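Pasted below: query.txt, compact mmCIF, C-alpha atoms.
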```
# COMPACT_ATOMS: atom_id res chain seq x y z
CA MET A 245 -13.24 6.53 -69.87
CA LEU A 246 -16.97 5.97 -70.16
CA VAL A 247 -18.96 6.01 -66.94
CA ASN A 248 -22.48 4.60 -66.68
CA TYR A 249 -24.89 6.41 -64.38
CA ASN A 250 -28.65 6.18 -64.24
CA ARG A 251 -30.66 7.87 -61.46
CA TYR A 252 -29.35 10.30 -58.90
CA LEU A 253 -30.91 11.11 -55.53
CA PHE A 254 -29.69 13.54 -52.93
CA SER A 255 -30.63 14.85 -49.50
CA ARG A 256 -28.97 17.21 -47.04
CA VAL A 257 -27.37 14.33 -45.18
CA ALA A 258 -26.24 12.25 -48.12
CA THR A 259 -26.71 11.98 -51.86
CA LEU A 260 -27.86 8.61 -53.10
CA ILE A 261 -26.67 7.72 -56.56
CA GLN A 262 -28.23 4.86 -58.47
CA LEU A 263 -25.56 3.20 -60.62
CA SER A 264 -26.92 1.06 -63.41
CA ALA A 265 -25.47 -0.81 -66.35
CA SER A 266 -28.49 0.37 -68.33
CA GLY A 267 -27.76 4.01 -67.60
CA VAL A 268 -26.67 6.55 -70.17
CA SER A 269 -23.01 6.37 -71.21
CA PHE A 270 -21.16 9.53 -71.97
CA ALA A 271 -17.63 10.64 -72.63
CA ALA A 272 -15.87 12.44 -69.80
CA PRO A 273 -14.28 15.77 -70.76
CA LEU A 274 -11.73 17.35 -68.45
CA TYR A 275 -13.38 20.23 -66.65
CA ASP A 276 -10.15 22.22 -66.77
CA ASN A 277 -10.49 22.56 -70.54
CA LEU A 278 -13.93 24.13 -70.36
CA PRO A 279 -14.36 27.91 -70.25
CA GLY A 280 -14.90 29.48 -66.84
CA PHE A 281 -17.93 31.47 -65.80
CA GLY A 282 -17.01 34.41 -63.64
CA ALA A 283 -20.23 36.33 -62.85
CA GLU A 284 -20.34 36.59 -59.06
CA PRO A 285 -18.91 33.07 -58.73
CA GLN A 286 -18.66 33.00 -54.95
CA ASN A 287 -22.26 33.91 -54.14
CA PRO A 288 -23.83 30.41 -54.27
CA PHE A 289 -21.30 29.07 -51.81
CA TYR A 290 -21.64 32.07 -49.53
CA GLN A 291 -25.39 31.53 -49.48
CA ALA A 292 -24.90 27.86 -48.60
CA VAL A 293 -22.70 28.93 -45.70
CA GLN A 294 -25.41 31.35 -44.63
CA GLN A 295 -27.95 28.53 -44.52
CA VAL A 296 -25.74 26.39 -42.32
CA ARG A 297 -24.96 29.35 -40.09
CA GLU A 298 -28.65 29.91 -39.45
CA GLN A 299 -28.98 26.28 -38.42
CA GLN A 300 -25.84 26.07 -36.28
CA GLY A 301 -25.74 29.50 -34.65
CA ALA A 302 -22.76 31.84 -34.58
CA THR A 303 -19.99 29.24 -34.66
CA LEU A 304 -19.76 28.82 -38.43
CA ASP A 305 -20.40 32.50 -39.03
CA ASP A 306 -17.54 33.50 -36.74
CA LEU A 307 -15.22 30.95 -38.32
CA PHE A 308 -16.08 31.99 -41.88
CA ASP A 309 -15.92 35.75 -41.39
CA GLU A 310 -12.79 35.66 -39.25
CA ASN A 311 -10.86 33.74 -41.88
CA LEU A 312 -12.38 35.55 -44.86
CA MET A 313 -11.25 38.94 -43.62
CA THR A 314 -7.71 38.06 -42.58
CA GLU A 315 -4.82 40.18 -43.74
CA ASP A 316 -3.21 37.16 -45.45
CA LEU A 317 -6.23 36.61 -47.66
CA ARG A 318 -6.49 40.29 -48.60
CA LYS A 319 -2.77 40.34 -49.36
CA PHE A 320 -3.04 37.25 -51.58
CA VAL A 321 -6.02 38.64 -53.49
CA ASP A 322 -4.27 41.98 -54.02
CA SER A 323 -1.08 40.25 -55.18
CA VAL A 324 -2.93 38.13 -57.74
CA LEU A 325 -5.08 40.97 -59.07
CA ASP A 326 -2.11 43.34 -59.29
CA GLY A 327 0.15 40.73 -60.91
CA LYS A 328 2.75 41.05 -58.15
CA LEU A 329 3.53 37.33 -57.85
CA LYS A 330 6.24 35.72 -59.94
CA PRO A 331 5.37 32.34 -61.52
CA GLU A 332 7.62 30.48 -59.09
CA GLU A 333 5.94 32.19 -56.11
CA TYR A 334 2.38 31.17 -56.86
CA GLN A 335 2.39 27.65 -55.41
CA ALA A 336 3.90 28.71 -52.09
CA GLU A 337 1.34 31.49 -51.78
CA ARG A 338 -1.49 29.12 -52.67
CA LEU A 339 -0.42 26.76 -49.89
CA LYS A 340 -0.83 29.63 -47.44
CA MET A 341 -4.41 29.88 -48.68
CA ASN A 342 -5.02 26.14 -48.07
CA PHE A 343 -5.03 25.06 -51.70
CA ARG A 344 -2.65 23.94 -54.41
CA ARG A 345 -2.82 23.66 -58.17
CA ASP A 346 -1.31 20.90 -60.31
CA LEU A 347 0.49 21.64 -63.56
CA ASP A 348 -2.68 20.76 -65.48
CA GLY A 349 -4.65 23.33 -63.47
CA ARG A 350 -6.52 20.94 -61.19
CA VAL A 351 -7.16 22.14 -57.65
CA SER A 352 -6.83 20.42 -54.26
CA VAL A 353 -7.88 22.02 -50.97
CA ARG A 354 -6.60 21.42 -47.44
CA SER A 355 -8.89 20.67 -44.50
CA ARG A 356 -8.40 21.73 -40.89
CA GLN A 357 -6.84 18.34 -40.24
CA GLY A 358 -4.33 18.80 -43.07
CA THR A 359 -6.09 16.34 -45.41
CA TRP A 360 -6.04 17.22 -49.09
CA TYR A 361 -9.29 16.97 -51.06
CA SER A 362 -9.54 17.06 -54.83
CA VAL A 363 -12.19 19.57 -55.88
CA ARG A 364 -14.02 20.29 -59.13
CA PRO A 365 -17.36 21.70 -60.23
CA ASP A 366 -20.29 19.53 -61.25
CA MET A 367 -20.43 20.32 -64.96
CA GLN A 368 -24.19 20.00 -65.39
CA VAL A 369 -25.47 21.66 -62.21
CA PRO A 370 -23.99 25.16 -61.75
CA GLY A 371 -23.01 26.09 -58.21
CA PHE A 372 -22.33 22.57 -56.96
CA LEU A 373 -18.76 21.54 -56.12
CA LEU A 374 -17.58 17.93 -55.81
CA LEU A 375 -14.80 16.83 -53.46
CA ARG A 376 -12.83 13.58 -53.09
CA ASP A 377 -10.65 12.62 -50.13
CA PRO A 378 -7.42 10.56 -50.46
CA ALA A 379 -9.32 7.32 -49.73
CA GLY A 380 -11.72 7.95 -52.62
CA ALA A 381 -14.80 9.05 -50.64
CA VAL A 382 -16.83 11.66 -52.53
CA PHE A 383 -18.62 14.70 -51.08
CA PHE A 384 -20.40 17.76 -52.43
CA LEU A 385 -20.77 21.42 -51.52
CA PRO A 386 -24.28 22.72 -52.28
CA PRO A 387 -25.28 26.15 -53.58
CA ASP A 388 -28.24 28.11 -52.28
CA ALA A 389 -31.24 25.80 -52.64
CA GLU A 390 -33.49 28.77 -53.48
CA GLY A 391 -31.07 30.61 -55.75
CA ASP A 392 -31.91 31.44 -59.35
CA ASP A 393 -29.53 31.57 -62.32
CA LEU A 394 -26.64 30.07 -60.36
CA ALA A 395 -23.21 30.78 -61.79
CA GLN A 396 -20.74 28.01 -62.54
CA LEU A 397 -17.77 28.29 -60.20
CA ASP A 398 -14.54 29.05 -62.05
CA LEU A 399 -11.80 27.17 -60.19
CA SER A 400 -9.23 28.30 -62.74
CA ASP A 401 -9.22 31.65 -60.88
CA ASP A 402 -6.90 31.63 -57.84
CA VAL A 403 -8.84 34.47 -56.22
CA VAL A 404 -12.10 32.51 -56.39
CA VAL A 405 -10.46 29.39 -54.93
CA ALA A 406 -8.81 31.35 -52.12
CA GLU A 407 -12.03 33.13 -51.19
CA LEU A 408 -13.95 29.84 -51.13
CA PHE A 409 -11.45 27.62 -49.34
CA TYR A 410 -9.02 29.70 -47.28
CA SER A 411 -11.65 29.52 -44.57
CA THR A 412 -12.17 25.88 -43.64
CA ALA A 413 -15.86 26.65 -43.10
CA TRP A 414 -16.52 24.57 -46.22
CA GLN A 415 -16.03 21.45 -44.08
CA ASP A 416 -19.15 22.38 -42.11
CA VAL A 417 -21.16 22.64 -45.32
CA MET A 418 -20.01 19.63 -47.34
CA ALA A 419 -22.15 16.48 -47.34
CA PRO A 420 -21.30 12.92 -48.40
CA LEU A 421 -22.42 11.36 -51.65
CA ALA A 422 -23.65 7.78 -51.31
CA VAL A 423 -24.57 5.00 -53.71
CA ARG A 424 -27.61 2.76 -53.36
CA ASN A 425 -26.67 -0.89 -53.82
CA GLN A 426 -28.84 -3.46 -55.56
CA ASP A 427 -29.97 -4.86 -52.20
CA GLY A 428 -31.26 -1.44 -51.18
CA SER A 429 -28.44 -0.64 -48.76
CA THR A 430 -26.40 2.53 -49.12
CA ALA A 431 -22.71 3.31 -48.81
CA GLN A 432 -20.63 6.41 -49.43
CA LEU A 433 -19.64 6.74 -53.05
CA GLN A 434 -16.03 5.79 -53.76
CA LEU A 435 -14.32 6.85 -56.98
CA SER A 436 -10.80 6.65 -58.28
CA GLU A 437 -9.15 9.99 -59.00
CA ARG A 438 -9.46 9.30 -62.71
CA ASP A 439 -13.19 8.57 -62.52
CA PHE A 440 -13.75 11.53 -60.20
CA ARG A 441 -12.09 13.87 -62.68
CA GLY A 442 -13.77 12.24 -65.66
CA VAL A 443 -17.44 12.06 -64.72
CA VAL A 444 -19.48 14.94 -66.07
CA SER A 445 -22.04 15.16 -63.27
CA LEU A 446 -22.98 13.47 -60.01
CA VAL A 447 -25.84 15.82 -59.18
CA ALA A 448 -27.78 16.18 -62.45
CA GLY A 449 -31.31 14.81 -62.22
CA ALA A 450 -31.13 14.57 -58.45
CA GLU A 451 -34.25 14.20 -56.38
CA GLU A 452 -34.60 14.75 -52.67
CA GLU A 453 -34.58 11.46 -50.81
CA GLU A 454 -37.91 10.63 -49.24
CA GLU A 455 -37.78 10.29 -45.49
CA GLU A 456 -39.70 7.43 -43.94
CA GLU A 457 -42.39 8.60 -41.56
CA PRO A 458 -42.39 6.89 -38.17
CA GLU A 459 -45.18 4.40 -37.65
CA ALA A 460 -48.02 5.68 -35.52
CA GLU A 461 -48.30 4.06 -32.13
CA VAL A 462 -51.49 2.11 -31.55
CA ALA A 463 -53.05 2.66 -28.14
CA PRO A 464 -53.87 -0.55 -26.27
CA ALA A 465 -57.52 -1.45 -26.15
CA GLN A 466 -59.30 -0.48 -22.93
```
Translate this file's structure into structure tokens.
Amino acid sequence: MLVNYNRYLFSRVATLIQLSASGVSFAAPLYDNLPGFGAEPQNPFYQAVQQVREQQGATLDDLFDENLMTEDLRKFVDSVLDGKLKPEEYQAERLKMNFRRDLDGRVSVRSRQGTWYSVRPDMQVPGFLLLRDPAGAVFFLPPDAEGDDLAQLDLSDDVVVAELFYSTAWQDVMAPLAVRNQDGSTAQLQLSERDFRGVVSLVAGAEEEEEEEPEAEVAPAQ
């Protein structure tokens, strides 16, 4: 499927995406077929969590660290790295880590509320992850805004996925993507599963949304 996108805008609260019939058309390769990049893949996300922690206090930090260091997660990582799991055991063990993998390799992650989100990397902006809920609403997980040489996240690696998503701290970091309509209004971006999996990038070329400054109050004449 060909998807037409023109200008992309994003802010910490929401990402505004300008859809235009005059935008560039491009074919949509499946991200699962692209090679993974494994150099320190978790660091951008960890740094994003760190940023939110500094803003929100100890709550997110406690949640993230407590889940990250659980015995279940260590046991899963050891089992995968040591090749202890049989093929038929993998899916059940993944579910314990709050994610599942389809036969084609695509990943879904489970929220605290039990909702399953499709997840994939943005293929043109390393470090960014895109998520879609069952209703079609699209979100993103940002990397460290000040990081250099960000690594693409390899979701084909069960250890990487478990380390990123076993802790539901990602819900405190994700932000909605929104589309700007022709009348200037905005609404959260909605995509079918097929379009979500097919689009190459939703973040490439993004610019921070300009915030309107409040009008200065005029003092009444004396």
Subject >> Nearest-residue call for Val404 in chain A, choices A:Ala336, A:Phe343, A:Asp316, A:Ser362, using all atoms listed in the file >> reply: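 Between A:Ala336, A:Phe343, A:Asp316, A:Ser362, the residue approaching Val404 in chain A most closely is A:Phe343.
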**OP:** Please provide the set of residues having any atom within 6 Å of range 429-434 of chain A, restricted to all atoms listed in the file, with same-chain residues fewer than 3 positions apart removed, written as a list of chain:residue names.
**Re:** A:Gly380, A:Ala381, A:Val382, A:Leu421, A:Ala422, A:Val423, A:Arg424, A:Asn425
Original post:
In Å, how far is it from CA of Asp398 in chain A to CA of Met367 in chain A?
Top reply: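 Value for the CA of Asp398 in chain A-CA of Met367 in chain A distance: 10.9 Å.
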Original post:
What separation in Å, quoted to one decimal, exists between CA of Asp322 in chain A and CA of Gln357 in chain A?
Top reply: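 Atom-to-atom, CA of Asp322 in chain A to CA of Gln357 in chain A, that is 27.5 Å.
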**OP:** In Å, rounded to a single decimal, give me how far CA of Lys328 in chain A is from CA of Ser411 in chain A.
**Re:**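 So the answer is 22.9 Å.
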What are the centre and edge lengths in Å, to one decimal, of the axis-aligned box around all listed atoms of range 430-433 of chain A with 8 Å added on each side, as AutoDock Vina command-line options?
```
--center_x -23.0 --center_y 4.6 --center_z -50.9 --size_x 22.8 --size_y 20.2 --size_z 20.2
```
**OP:** Find the residues near Arg376 in chain A: any atom within 12 Å, counting all atoms listed in the file, skip ones fewer than 4 places away on the same chain, and give them as an NGL selection string.
**Re:** :A and (351-355 or 359-365 or 380-385 or 418-421 or 432-441)
